[in-house]
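Colleague: Starting off with a structure, shown below.
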Amino acid sequence: MAQDTAEALPGVTTVDNRIVIKGDLPPQYSDTWISMKVKAALLYRRNVSGTKTEVYVKNGIVTLKGIAASQAQKDLTTEYAKDIDGVKSVQNEIVVSNYTEAPGQTPDEKMDDASITAQVKGSLLSHRSTSTINTKVTTNDGIVTVSGQAKNSAEKALVTKLVADINGVQSVVNNMTIAETISNNN
């Protein structure tokens with residue numbers, strides 16, 4: 001993600017990524033791995049609170065705790081958690097409170113284009129239906145342009161929906177092409 005962020009900065013032509021990860025990465029689909037993926041997915045979304053949601057995982061079962069501004073926000077948090085590969089089920093123990101701040105940003109918290117691009121890429125990688133898509137993402141003044149190849153129109157529409165839900169995205173231009181299906185009539 002650090003490399004994607006640096007590459008998205010204006011004027012950057014190449015990035016020599018020398019970041020070394022210390023320690024072992026959690027095994028894919030382990031409880032720790034799932035927890036990290038769920039937390040990241042919630043942080044990317046504008047309609048839920050990733051910072052006010054605690055995520056616990058045991059044997060692939062995700063438990064969510066915290067505070068939501070509405071029942072819709074609580075329900076949406078569940079849906080985003082369910083979308084992560086390896087999640088068997090979600091137990092949502094989030095409390096709905098009218099005192100919480102609605103998600104969103106003040107003008108002082110406006111996201112820069114590089115951060116938006118990095119969040120879009122992370123979101124597409126973490127979603128089980130778009131994790132294998134090779135998508136090019138560019139952002140200019142909050143307008144995100146995606147290109148690449150989708151398997152079908154539903155996958156292309158899903159990419160647009162996921163990108164539009166990222167904090168700071170003003171609009172989405174989806175230039176993805178749909179893969180031609182090859183029929184075998186022997």
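To be explicit about the labels: the chains of the structure tokens are called A, B, and onward in the order shown, and within each one the residues are counted from 1, while ligands get numbers from 1 in the order they are shown.
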Using only C-alpha atoms, which residues sit within 12 Å of Val172 of chain A once same-chain residues fewer than 4 positions away are excluded, as an NGL selection string?

Modeller: :A and (116-117 or 120 or 137-147 or 156-166 or 168 or 176)

Colleague: Among chain A, which ones does DSSP place in helix (DSSP H, G or I), written as a CSV table (one decimal) with all heavy atoms, in the first residue's frame?

Modeller:
```
chain,number,residue,atom,x,y,z
A,2,ALA,N,2.0,1.2,0.7
A,2,ALA,CA,2.9,2.3,0.7
A,2,ALA,C,3.4,2.6,-0.7
A,2,ALA,O,3.5,3.8,-1.1
A,2,ALA,CB,4.1,2.1,1.7
A,3,GLN,N,3.8,1.6,-1.4
A,3,GLN,CA,4.3,1.7,-2.8
A,3,GLN,C,3.2,2.3,-3.7
A,3,GLN,O,3.4,3.2,-4.4
A,3,GLN,CB,4.8,0.4,-3.3
A,3,GLN,CG,5.3,0.6,-4.8
A,3,GLN,CD,6.0,-0.7,-5.3
A,3,GLN,OE1,6.4,-1.5,-4.5
A,3,GLN,NE2,6.1,-0.8,-6.6
A,4,ASP,N,2.0,1.8,-3.5
A,4,ASP,CA,0.8,2.3,-4.3
A,4,ASP,C,0.6,3.8,-4.1
A,4,ASP,O,0.4,4.6,-5.0
A,4,ASP,CB,-0.4,1.5,-4.1
A,4,ASP,CG,-0.4,0.1,-4.6
A,4,ASP,OD1,0.4,-0.2,-5.5
A,4,ASP,OD2,-1.2,-0.7,-4.2
A,5,THR,N,0.7,4.2,-2.8
A,5,THR,CA,0.5,5.6,-2.4
A,5,THR,C,1.6,6.5,-3.1
A,5,THR,O,1.3,7.5,-3.6
A,5,THR,CB,0.5,5.7,-0.9
A,5,THR,OG1,-0.5,4.9,-0.4
A,5,THR,CG2,0.3,7.2,-0.5
A,6,ALA,N,2.8,6.0,-2.9
A,6,ALA,CA,3.9,6.8,-3.5
A,6,ALA,C,3.8,6.9,-5.0
A,6,ALA,O,4.1,8.0,-5.6
A,6,ALA,CB,5.3,6.2,-3.1
A,7,GLU,N,3.5,5.8,-5.7
A,7,GLU,CA,3.3,5.8,-7.2
A,7,GLU,C,2.2,6.7,-7.6
A,7,GLU,O,2.3,7.3,-8.7
A,7,GLU,CB,3.0,4.4,-7.7
A,7,GLU,CG,4.2,3.5,-7.6
A,7,GLU,CD,3.9,2.0,-8.0
A,7,GLU,OE1,2.7,1.6,-7.9
A,7,GLU,OE2,4.8,1.3,-8.3
A,31,ASP,N,-7.2,-16.5,11.8
A,31,ASP,CA,-8.0,-15.5,12.5
A,31,ASP,C,-7.4,-14.1,12.4
A,31,ASP,O,-8.1,-13.1,12.2
A,31,ASP,CB,-8.3,-15.9,13.9
A,31,ASP,CG,-9.3,-17.1,14.0
A,31,ASP,OD1,-9.9,-17.4,12.9
A,31,ASP,OD2,-9.4,-17.7,15.0
A,32,THR,N,-6.1,-14.0,12.6
A,32,THR,CA,-5.4,-12.7,12.6
A,32,THR,C,-5.5,-12.1,11.3
A,32,THR,O,-5.7,-10.9,11.1
A,32,THR,CB,-3.9,-12.9,13.0
A,32,THR,OG1,-3.9,-13.5,14.3
A,32,THR,CG2,-3.2,-11.6,13.1
A,33,TRP,N,-5.3,-12.9,10.2
A,33,TRP,CA,-5.3,-12.4,8.8
A,33,TRP,C,-6.7,-11.9,8.5
A,33,TRP,O,-6.9,-10.8,8.0
A,33,TRP,CB,-5.0,-13.5,7.9
A,33,TRP,CG,-4.9,-13.2,6.4
A,33,TRP,CD1,-3.9,-12.7,5.7
A,33,TRP,CD2,-6.0,-13.3,5.5
A,33,TRP,NE1,-4.2,-12.5,4.4
A,33,TRP,CE2,-5.5,-12.8,4.2
A,33,TRP,CE3,-7.3,-13.7,5.6
A,33,TRP,CZ2,-6.3,-12.8,3.1
A,33,TRP,CZ3,-8.1,-13.7,4.4
A,33,TRP,CH2,-7.6,-13.3,3.2
A,34,ILE,N,-7.8,-12.6,8.9
A,34,ILE,CA,-9.2,-12.2,8.7
A,34,ILE,C,-9.4,-10.9,9.4
A,34,ILE,O,-10.0,-10.0,8.9
A,34,ILE,CB,-10.2,-13.3,9.1
A,34,ILE,CG1,-10.0,-14.5,8.2
A,34,ILE,CG2,-11.6,-12.8,9.1
A,34,ILE,CD1,-10.8,-15.8,8.6
A,35,SER,N,-9.0,-10.8,10.7
A,35,SER,CA,-9.2,-9.6,11.5
A,35,SER,C,-8.6,-8.4,10.8
A,35,SER,O,-9.2,-7.3,10.7
A,35,SER,CB,-8.6,-9.8,12.9
A,35,SER,OG,-8.7,-8.6,13.6
A,36,MET,N,-7.4,-8.6,10.3
A,36,MET,CA,-6.7,-7.4,9.6
A,36,MET,C,-7.5,-7.0,8.4
A,36,MET,O,-7.6,-5.8,8.1
A,36,MET,CB,-5.3,-7.8,9.2
A,36,MET,CG,-4.3,-8.0,10.4
A,36,MET,SD,-2.7,-8.7,10.1
A,36,MET,CE,-2.2,-8.0,8.5
A,37,LYS,N,-8.0,-8.0,7.6
A,37,LYS,CA,-8.7,-7.7,6.4
A,37,LYS,C,-10.0,-7.0,6.7
A,37,LYS,O,-10.4,-6.1,6.0
A,37,LYS,CB,-9.0,-9.0,5.6
A,37,LYS,CG,-7.8,-9.6,5.0
A,37,LYS,CD,-7.3,-8.8,3.8
A,37,LYS,CE,-6.3,-9.5,3.0
A,37,LYS,NZ,-6.0,-8.8,1.7
A,38,VAL,N,-10.7,-7.5,7.7
A,38,VAL,CA,-12.0,-6.8,8.1
A,38,VAL,C,-11.8,-5.4,8.6
A,38,VAL,O,-12.5,-4.5,8.1
A,38,VAL,CB,-12.7,-7.6,9.2
A,38,VAL,CG1,-13.9,-6.9,9.8
A,38,VAL,CG2,-13.2,-9.0,8.7
A,39,LYS,N,-10.8,-5.2,9.4
A,39,LYS,CA,-10.5,-3.8,9.9
A,39,LYS,C,-10.1,-2.9,8.8
A,39,LYS,O,-10.6,-1.8,8.7
A,39,LYS,CB,-9.3,-3.9,10.9
A,39,LYS,CG,-9.7,-4.5,12.2
A,39,LYS,CD,-8.5,-4.6,13.2
A,39,LYS,CE,-8.9,-5.3,14.5
A,39,LYS,NZ,-7.7,-5.4,15.3
A,40,ALA,N,-9.3,-3.4,7.8
A,40,ALA,CA,-8.9,-2.6,6.7
A,40,ALA,C,-10.2,-2.2,5.8
A,40,ALA,O,-10.3,-1.1,5.4
A,40,ALA,CB,-7.9,-3.3,5.8
A,41,ALA,N,-11.0,-3.2,5.6
A,41,ALA,CA,-12.2,-3.0,4.8
A,41,ALA,C,-13.1,-1.9,5.4
A,41,ALA,O,-13.7,-1.1,4.7
A,41,ALA,CB,-13.0,-4.3,4.6
A,42,LEU,N,-13.2,-2.0,6.7
A,42,LEU,CA,-14.1,-1.0,7.4
A,42,LEU,C,-13.5,0.4,7.4
A,42,LEU,O,-14.2,1.4,7.3
A,42,LEU,CB,-14.4,-1.4,8.9
A,42,LEU,CG,-15.1,-2.7,9.0
A,42,LEU,CD1,-15.3,-3.1,10.5
A,42,LEU,CD2,-16.5,-2.7,8.3
A,43,LEU,N,-12.2,0.5,7.4
A,43,LEU,CA,-11.5,1.8,7.4
A,43,LEU,C,-11.7,2.5,6.0
A,43,LEU,O,-11.7,3.7,6.0
A,43,LEU,CB,-10.0,1.7,7.7
A,43,LEU,CG,-9.7,1.4,9.2
A,43,LEU,CD1,-8.2,1.1,9.3
A,43,LEU,CD2,-10.0,2.6,10.0
A,44,TYR,N,-11.8,1.7,5.0
A,44,TYR,CA,-11.9,2.2,3.6
A,44,TYR,C,-13.3,2.8,3.3
A,44,TYR,O,-13.5,3.6,2.4
A,44,TYR,CB,-11.6,1.2,2.6
A,44,TYR,CG,-10.2,0.7,2.6
A,44,TYR,CD1,-10.0,-0.7,2.3
A,44,TYR,CD2,-9.1,1.5,2.9
A,44,TYR,CE1,-8.7,-1.1,2.3
A,44,TYR,CE2,-7.9,1.0,2.8
A,44,TYR,CZ,-7.6,-0.3,2.5
A,44,TYR,OH,-6.4,-0.8,2.5
A,71,GLN,N,-29.0,2.0,12.7
A,71,GLN,CA,-29.2,0.6,12.4
A,71,GLN,C,-28.6,0.2,11.0
A,71,GLN,O,-28.0,-0.8,10.8
A,71,GLN,CB,-30.7,0.1,12.5
A,71,GLN,CG,-30.9,-1.4,12.3
A,71,GLN,CD,-30.2,-2.2,13.4
A,71,GLN,OE1,-30.3,-1.8,14.6
A,71,GLN,NE2,-29.6,-3.3,13.0
A,72,ALA,N,-28.8,1.1,10.1
A,72,ALA,CA,-28.3,0.9,8.7
A,72,ALA,C,-26.8,0.8,8.7
A,72,ALA,O,-26.2,0.0,8.1
A,72,ALA,CB,-28.7,2.1,7.8
A,73,GLN,N,-26.1,1.7,9.5
A,73,GLN,CA,-24.7,1.6,9.6
A,73,GLN,C,-24.2,0.3,10.3
A,73,GLN,O,-23.3,-0.3,9.8
A,73,GLN,CB,-24.1,2.8,10.5
A,73,GLN,CG,-22.6,2.9,10.5
A,73,GLN,CD,-22.1,4.0,11.4
A,73,GLN,OE1,-22.6,4.2,12.5
A,73,GLN,NE2,-21.2,4.8,10.9
A,74,LYS,N,-24.9,-0.2,11.3
A,74,LYS,CA,-24.6,-1.4,11.9
A,74,LYS,C,-24.8,-2.6,10.9
A,74,LYS,O,-23.9,-3.4,10.8
A,74,LYS,CB,-25.6,-1.6,13.1
A,74,LYS,CG,-25.4,-3.0,13.8
A,74,LYS,CD,-26.4,-3.1,15.0
A,74,LYS,CE,-26.2,-4.5,15.6
A,74,LYS,NZ,-27.1,-4.7,16.8
A,75,ASP,N,-25.9,-2.6,10.2
A,75,ASP,CA,-26.1,-3.6,9.2
A,75,ASP,C,-25.1,-3.6,8.1
A,75,ASP,O,-24.6,-4.7,7.6
A,75,ASP,CB,-27.5,-3.5,8.6
A,75,ASP,CG,-28.6,-3.8,9.6
A,75,ASP,OD1,-28.3,-4.3,10.7
A,75,ASP,OD2,-29.8,-3.4,9.3
A,76,LEU,N,-24.7,-2.4,7.6
A,76,LEU,CA,-23.7,-2.3,6.6
A,76,LEU,C,-22.3,-2.8,7.0
A,76,LEU,O,-21.6,-3.5,6.3
A,76,LEU,CB,-23.6,-0.9,6.1
A,76,LEU,CG,-22.9,-0.6,4.8
A,76,LEU,CD1,-23.5,-1.4,3.7
A,76,LEU,CD2,-23.0,0.9,4.5
A,77,THR,N,-22.0,-2.6,8.3
A,77,THR,CA,-20.8,-3.1,8.9
A,77,THR,C,-20.7,-4.6,8.8
A,77,THR,O,-19.7,-5.2,8.4
A,77,THR,CB,-20.6,-2.6,10.3
A,77,THR,OG1,-20.7,-1.2,10.4
A,77,THR,CG2,-19.3,-3.1,10.9
A,78,THR,N,-21.9,-5.3,9.1
A,78,THR,CA,-22.0,-6.7,9.0
A,78,THR,C,-21.7,-7.2,7.6
A,78,THR,O,-20.9,-8.1,7.3
A,78,THR,CB,-23.4,-7.2,9.4
A,78,THR,OG1,-23.6,-6.8,10.8
A,78,THR,CG2,-23.5,-8.7,9.3
A,79,GLU,N,-22.3,-6.5,6.6
A,79,GLU,CA,-22.2,-6.9,5.2
A,79,GLU,C,-20.8,-6.8,4.7
A,79,GLU,O,-20.3,-7.7,4.0
A,79,GLU,CB,-23.1,-6.1,4.3
A,79,GLU,CG,-24.6,-6.4,4.6
A,79,GLU,CD,-24.9,-7.8,4.4
A,79,GLU,OE1,-24.5,-8.5,3.4
A,79,GLU,OE2,-25.6,-8.4,5.3
A,80,TYR,N,-20.1,-5.7,5.1
A,80,TYR,CA,-18.7,-5.6,4.7
A,80,TYR,C,-17.8,-6.6,5.3
A,80,TYR,O,-16.9,-7.2,4.7
A,80,TYR,CB,-18.1,-4.2,5.1
A,80,TYR,CG,-18.7,-3.1,4.2
A,80,TYR,CD1,-19.1,-1.8,4.8
A,80,TYR,CD2,-18.8,-3.2,2.8
A,80,TYR,CE1,-19.5,-0.8,4.0
A,80,TYR,CE2,-19.3,-2.2,2.1
A,80,TYR,CZ,-19.7,-1.0,2.6
A,80,TYR,OH,-20.2,0.0,1.8
A,81,ALA,N,-18.1,-7.0,6.6
A,81,ALA,CA,-17.3,-8.1,7.2
A,81,ALA,C,-17.5,-9.4,6.5
A,81,ALA,O,-16.6,-10.2,6.3
A,81,ALA,CB,-17.6,-8.1,8.7
A,82,LYS,N,-18.8,-9.7,6.1
A,82,LYS,CA,-19.1,-11.0,5.5
A,82,LYS,C,-18.4,-11.1,4.1
A,82,LYS,O,-18.2,-12.2,3.7
A,82,LYS,CB,-20.6,-11.0,5.2
A,82,LYS,CG,-21.5,-11.4,6.4
A,82,LYS,CD,-22.9,-11.5,6.0
A,82,LYS,CE,-23.8,-11.8,7.2
A,82,LYS,NZ,-25.2,-11.8,6.8
A,107,PRO,N,-14.2,19.4,5.8
A,107,PRO,CA,-13.3,19.9,4.7
A,107,PRO,C,-11.8,19.8,5.1
A,107,PRO,O,-11.0,19.6,4.3
A,107,PRO,CB,-13.7,21.3,4.5
A,107,PRO,CG,-15.2,21.4,4.9
A,107,PRO,CD,-15.3,20.4,6.1
A,108,ASP,N,-11.5,19.9,6.4
A,108,ASP,CA,-10.1,19.8,6.9
A,108,ASP,C,-9.6,18.4,6.8
A,108,ASP,O,-8.4,18.2,6.8
A,108,ASP,CB,-10.0,20.3,8.3
A,108,ASP,CG,-10.3,21.7,8.5
A,108,ASP,OD1,-10.2,22.5,7.5
A,108,ASP,OD2,-10.7,22.1,9.6
A,109,GLU,N,-10.5,17.4,6.7
A,109,GLU,CA,-10.0,16.0,6.7
A,109,GLU,C,-10.1,15.5,5.2
A,109,GLU,O,-10.0,14.3,5.1
A,109,GLU,CB,-11.0,15.2,7.5
A,109,GLU,CG,-10.9,15.5,9.0
A,109,GLU,CD,-12.0,14.8,9.8
A,109,GLU,OE1,-13.1,14.7,9.3
A,109,GLU,OE2,-11.7,14.4,10.9
A,113,ASP,N,-5.3,12.6,-3.2
A,113,ASP,CA,-5.5,11.7,-4.3
A,113,ASP,C,-4.7,10.4,-4.1
A,113,ASP,O,-5.2,9.3,-4.4
A,113,ASP,CB,-5.2,12.3,-5.7
A,113,ASP,CG,-6.2,13.4,-6.1
A,113,ASP,OD1,-7.3,13.3,-5.6
A,113,ASP,OD2,-5.9,14.2,-6.9
A,114,ALA,N,-3.5,10.5,-3.7
A,114,ALA,CA,-2.7,9.3,-3.5
A,114,ALA,C,-3.3,8.4,-2.4
A,114,ALA,O,-3.3,7.1,-2.6
A,114,ALA,CB,-1.3,9.7,-3.1
A,115,SER,N,-3.8,8.9,-1.3
A,115,SER,CA,-4.4,8.1,-0.3
A,115,SER,C,-5.7,7.4,-0.8
A,115,SER,O,-6.0,6.3,-0.5
A,115,SER,CB,-4.8,9.0,0.9
A,115,SER,OG,-3.6,9.5,1.5
A,116,ILE,N,-6.5,8.2,-1.6
A,116,ILE,CA,-7.7,7.6,-2.2
A,116,ILE,C,-7.3,6.4,-3.1
A,116,ILE,O,-7.9,5.4,-3.0
A,116,ILE,CB,-8.5,8.7,-3.0
A,116,ILE,CG1,-9.1,9.7,-2.1
A,116,ILE,CG2,-9.6,8.0,-3.8
A,116,ILE,CD1,-9.6,10.9,-2.8
A,117,THR,N,-6.3,6.6,-4.0
A,117,THR,CA,-5.9,5.5,-4.9
A,117,THR,C,-5.4,4.3,-4.1
A,117,THR,O,-5.8,3.2,-4.4
A,117,THR,CB,-4.7,6.0,-5.8
A,117,THR,OG1,-5.2,7.1,-6.6
A,117,THR,CG2,-4.2,4.9,-6.7
A,118,ALA,N,-4.7,4.5,-3.0
A,118,ALA,CA,-4.2,3.4,-2.2
A,118,ALA,C,-5.4,2.7,-1.6
A,118,ALA,O,-5.4,1.4,-1.5
A,118,ALA,CB,-3.2,3.9,-1.2
A,119,GLN,N,-6.4,3.4,-1.1
A,119,GLN,CA,-7.5,2.8,-0.4
A,119,GLN,C,-8.4,2.1,-1.5
A,119,GLN,O,-8.9,1.0,-1.2
A,119,GLN,CB,-8.4,3.9,0.2
A,119,GLN,CG,-7.8,4.4,1.5
A,119,GLN,CD,-8.7,5.3,2.3
A,119,GLN,OE1,-9.9,5.2,2.2
A,119,GLN,NE2,-8.1,6.1,3.2
A,120,VAL,N,-8.5,2.6,-2.7
A,120,VAL,CA,-9.3,1.9,-3.7
A,120,VAL,C,-8.6,0.6,-4.0
A,120,VAL,O,-9.3,-0.5,-4.1
A,120,VAL,CB,-9.4,2.8,-5.0
A,120,VAL,CG1,-9.9,2.0,-6.2
A,120,VAL,CG2,-10.3,4.0,-4.7
A,121,LYS,N,-7.3,0.6,-4.2
A,121,LYS,CA,-6.6,-0.6,-4.5
A,121,LYS,C,-6.7,-1.7,-3.4
A,121,LYS,O,-7.0,-2.8,-3.6
A,121,LYS,CB,-5.1,-0.4,-4.8
A,121,LYS,CG,-4.9,0.3,-6.2
A,121,LYS,CD,-3.4,0.6,-6.4
A,121,LYS,CE,-3.2,1.3,-7.7
A,121,LYS,NZ,-1.7,1.5,-8.0
A,122,GLY,N,-6.6,-1.2,-2.2
A,122,GLY,CA,-6.7,-2.1,-1.0
A,122,GLY,C,-8.1,-2.7,-0.9
A,122,GLY,O,-8.3,-3.8,-0.6
A,123,SER,N,-9.1,-1.8,-1.2
A,123,SER,CA,-10.5,-2.3,-1.1
A,123,SER,C,-10.8,-3.4,-2.2
A,123,SER,O,-11.4,-4.4,-1.9
A,123,SER,CB,-11.4,-1.1,-1.3
A,123,SER,OG,-12.8,-1.5,-1.4
A,124,LEU,N,-10.3,-3.1,-3.4
A,124,LEU,CA,-10.5,-4.1,-4.5
A,124,LEU,C,-9.8,-5.4,-4.2
A,124,LEU,O,-10.3,-6.5,-4.5
A,124,LEU,CB,-10.1,-3.5,-5.8
A,124,LEU,CG,-10.9,-2.4,-6.3
A,124,LEU,CD1,-10.3,-1.8,-7.6
A,124,LEU,CD2,-12.3,-2.7,-6.5
A,125,LEU,N,-8.6,-5.3,-3.6
A,125,LEU,CA,-7.8,-6.5,-3.2
A,125,LEU,C,-8.5,-7.3,-2.1
A,125,LEU,O,-8.4,-8.5,-2.0
A,125,LEU,CB,-6.4,-6.2,-2.8
A,125,LEU,CG,-5.4,-5.9,-3.9
A,125,LEU,CD1,-4.1,-5.4,-3.4
A,125,LEU,CD2,-5.2,-7.2,-4.7
A,126,SER,N,-9.1,-6.6,-1.2
A,126,SER,CA,-9.7,-7.3,0.0
A,126,SER,C,-11.1,-7.9,-0.3
A,126,SER,O,-11.6,-8.7,0.5
A,126,SER,CB,-9.8,-6.3,1.2
A,126,SER,OG,-10.7,-5.3,1.0
A,153,SER,N,-20.4,-7.8,-16.8
A,153,SER,CA,-20.9,-6.5,-16.4
A,153,SER,C,-21.2,-6.4,-14.9
A,153,SER,O,-21.1,-5.3,-14.3
A,153,SER,CB,-22.2,-6.2,-17.2
A,153,SER,OG,-23.1,-7.1,-17.0
A,154,ALA,N,-21.5,-7.5,-14.3
A,154,ALA,CA,-21.8,-7.4,-12.8
A,154,ALA,C,-20.5,-7.1,-12.1
A,154,ALA,O,-20.5,-6.3,-11.1
A,154,ALA,CB,-22.4,-8.8,-12.3
A,155,GLU,N,-19.4,-7.7,-12.5
A,155,GLU,CA,-18.1,-7.4,-11.8
A,155,GLU,C,-17.7,-6.0,-12.1
A,155,GLU,O,-17.2,-5.3,-11.1
A,155,GLU,CB,-17.1,-8.4,-12.4
A,155,GLU,CG,-15.8,-8.4,-11.6
A,155,GLU,CD,-14.8,-9.4,-12.1
A,155,GLU,OE1,-14.2,-9.2,-13.2
A,155,GLU,OE2,-14.6,-10.4,-11.4
A,156,LYS,N,-17.9,-5.5,-13.3
A,156,LYS,CA,-17.6,-4.1,-13.6
A,156,LYS,C,-18.5,-3.1,-12.7
A,156,LYS,O,-18.0,-2.2,-12.1
A,156,LYS,CB,-17.9,-3.8,-15.0
A,156,LYS,CG,-17.6,-2.4,-15.5
A,156,LYS,CD,-17.8,-2.2,-16.9
A,156,LYS,CE,-17.5,-0.7,-17.3
A,156,LYS,NZ,-17.7,-0.5,-18.8
A,157,ALA,N,-19.8,-3.5,-12.5
A,157,ALA,CA,-20.6,-2.6,-11.7
A,157,ALA,C,-20.2,-2.7,-10.2
A,157,ALA,O,-20.3,-1.7,-9.5
A,157,ALA,CB,-22.1,-3.1,-11.9
A,158,LEU,N,-19.8,-3.9,-9.8
A,158,LEU,CA,-19.3,-4.0,-8.4
A,158,LEU,C,-18.1,-3.2,-8.1
A,158,LEU,O,-18.0,-2.5,-7.1
A,158,LEU,CB,-19.0,-5.5,-8.1
A,158,LEU,CG,-18.5,-5.8,-6.7
A,158,LEU,CD1,-19.5,-5.3,-5.6
A,158,LEU,CD2,-18.1,-7.2,-6.6
A,159,VAL,N,-17.2,-3.1,-9.1
A,159,VAL,CA,-16.0,-2.3,-8.9
A,159,VAL,C,-16.4,-0.8,-8.8
A,159,VAL,O,-15.9,-0.1,-7.9
A,159,VAL,CB,-15.0,-2.4,-10.1
A,159,VAL,CG1,-13.9,-1.4,-10.1
A,159,VAL,CG2,-14.4,-3.8,-10.1
A,160,THR,N,-17.3,-0.3,-9.6
A,160,THR,CA,-17.8,1.0,-9.5
A,160,THR,C,-18.4,1.3,-8.1
A,160,THR,O,-18.1,2.3,-7.4
A,160,THR,CB,-18.9,1.3,-10.6
A,160,THR,OG1,-18.3,1.1,-11.8
A,160,THR,CG2,-19.4,2.8,-10.5
A,161,LYS,N,-19.2,0.3,-7.6
A,161,LYS,CA,-19.9,0.5,-6.3
A,161,LYS,C,-18.8,0.5,-5.2
A,161,LYS,O,-18.9,1.4,-4.3
A,161,LYS,CB,-20.9,-0.7,-6.1
A,161,LYS,CG,-21.6,-0.6,-4.7
A,161,LYS,CD,-22.5,-1.9,-4.6
A,161,LYS,CE,-23.1,-1.9,-3.2
A,161,LYS,NZ,-22.2,-1.9,-2.1
A,162,LEU,N,-17.9,-0.4,-5.2
A,162,LEU,CA,-16.8,-0.4,-4.2
A,162,LEU,C,-16.0,0.9,-4.2
A,162,LEU,O,-15.7,1.4,-3.1
A,162,LEU,CB,-15.9,-1.6,-4.4
A,162,LEU,CG,-16.6,-3.0,-4.1
A,162,LEU,CD1,-15.6,-4.1,-4.5
A,162,LEU,CD2,-17.0,-3.2,-2.7
A,163,VAL,N,-15.7,1.3,-5.3
A,163,VAL,CA,-14.8,2.5,-5.4
A,163,VAL,C,-15.6,3.8,-4.9
A,163,VAL,O,-15.1,4.6,-4.2
A,163,VAL,CB,-14.3,2.8,-6.9
A,163,VAL,CG1,-13.6,4.1,-7.0
A,163,VAL,CG2,-13.4,1.6,-7.3
A,164,ALA,N,-16.9,3.9,-5.3
A,164,ALA,CA,-17.7,5.0,-4.9
A,164,ALA,C,-17.9,5.1,-3.4
A,164,ALA,O,-18.1,6.2,-2.9
A,164,ALA,CB,-19.1,4.9,-5.6
```

Colleague: Name the closest residue to Asn175 of chain A among the candidates A:Ser89, A:Asn17, A:Asn152, A:Thr135; distances are taken between atoms, counting only C-alpha atoms.

Modeller: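 Of A:Ser89, A:Asn17, A:Asn152, A:Thr135, the one nearest Asn175 of chain A is A:Thr135, counting only C-alpha atoms.
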
Colleague: Can you tell me which residues surround Thr63 of chain A at a distance of at most 9 Å, considering only C-alpha atoms, apart from same-chain residues fewer than 2 positions away, and format the answer as a list in words?

Modeller: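 Once the adjacent positions are removed, what remains is Glu54, Val55, Tyr56, Val57, Lys58, Ile61, Lys65, Ser89, Val90, Gln91, Asn92 and Glu93 of chain A.
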
Colleague: Using N, CA, C and O atoms, can you write the selected residues to a file as a compact mmCIF listing (two decimals), in the first residue's frame?

Modeller:
```txt
# COMPACT_ATOMS: atom_id res chain seq x y z
N GLU A 54 -14.69 -2.52 16.95
CA GLU A 54 -13.71 -3.52 17.39
C GLU A 54 -14.03 -4.82 16.66
O GLU A 54 -15.19 -5.19 16.50
N VAL A 55 -12.97 -5.52 16.22
CA VAL A 55 -13.13 -6.75 15.45
C VAL A 55 -12.41 -7.88 16.18
O VAL A 55 -11.22 -7.78 16.48
N TYR A 56 -13.15 -8.94 16.47
CA TYR A 56 -12.59 -10.13 17.09
C TYR A 56 -12.91 -11.32 16.19
O TYR A 56 -14.02 -11.41 15.65
N VAL A 57 -11.95 -12.23 16.02
CA VAL A 57 -12.16 -13.39 15.16
C VAL A 57 -11.72 -14.65 15.88
O VAL A 57 -10.62 -14.70 16.46
N LYS A 58 -12.57 -15.66 15.86
CA LYS A 58 -12.21 -16.97 16.41
C LYS A 58 -12.77 -18.04 15.48
O LYS A 58 -13.98 -18.08 15.24
N ILE A 61 -15.08 -16.95 12.71
CA ILE A 61 -16.32 -16.27 13.10
C ILE A 61 -15.95 -14.89 13.62
O ILE A 61 -15.18 -14.76 14.58
N LYS A 65 -17.91 -5.26 17.67
CA LYS A 65 -18.37 -4.51 18.84
C LYS A 65 -18.06 -3.04 18.62
O LYS A 65 -17.13 -2.71 17.90
N SER A 89 -18.95 -16.56 9.52
CA SER A 89 -20.17 -15.88 9.94
C SER A 89 -19.78 -14.62 10.70
O SER A 89 -18.63 -14.45 11.09
N VAL A 90 -20.78 -13.74 10.91
CA VAL A 90 -20.54 -12.49 11.62
C VAL A 90 -21.57 -12.34 12.74
O VAL A 90 -22.77 -12.49 12.50
N GLN A 91 -21.08 -12.06 13.94
CA GLN A 91 -21.94 -11.76 15.08
C GLN A 91 -21.77 -10.27 15.35
O GLN A 91 -20.68 -9.83 15.72
N ASN A 92 -22.82 -9.50 15.12
CA ASN A 92 -22.73 -8.06 15.26
C ASN A 92 -23.31 -7.63 16.61
O ASN A 92 -24.52 -7.66 16.81
N GLU A 93 -22.41 -7.23 17.51
CA GLU A 93 -22.82 -6.76 18.84
C GLU A 93 -22.69 -5.24 18.95
O GLU A 93 -22.63 -4.70 20.05
```
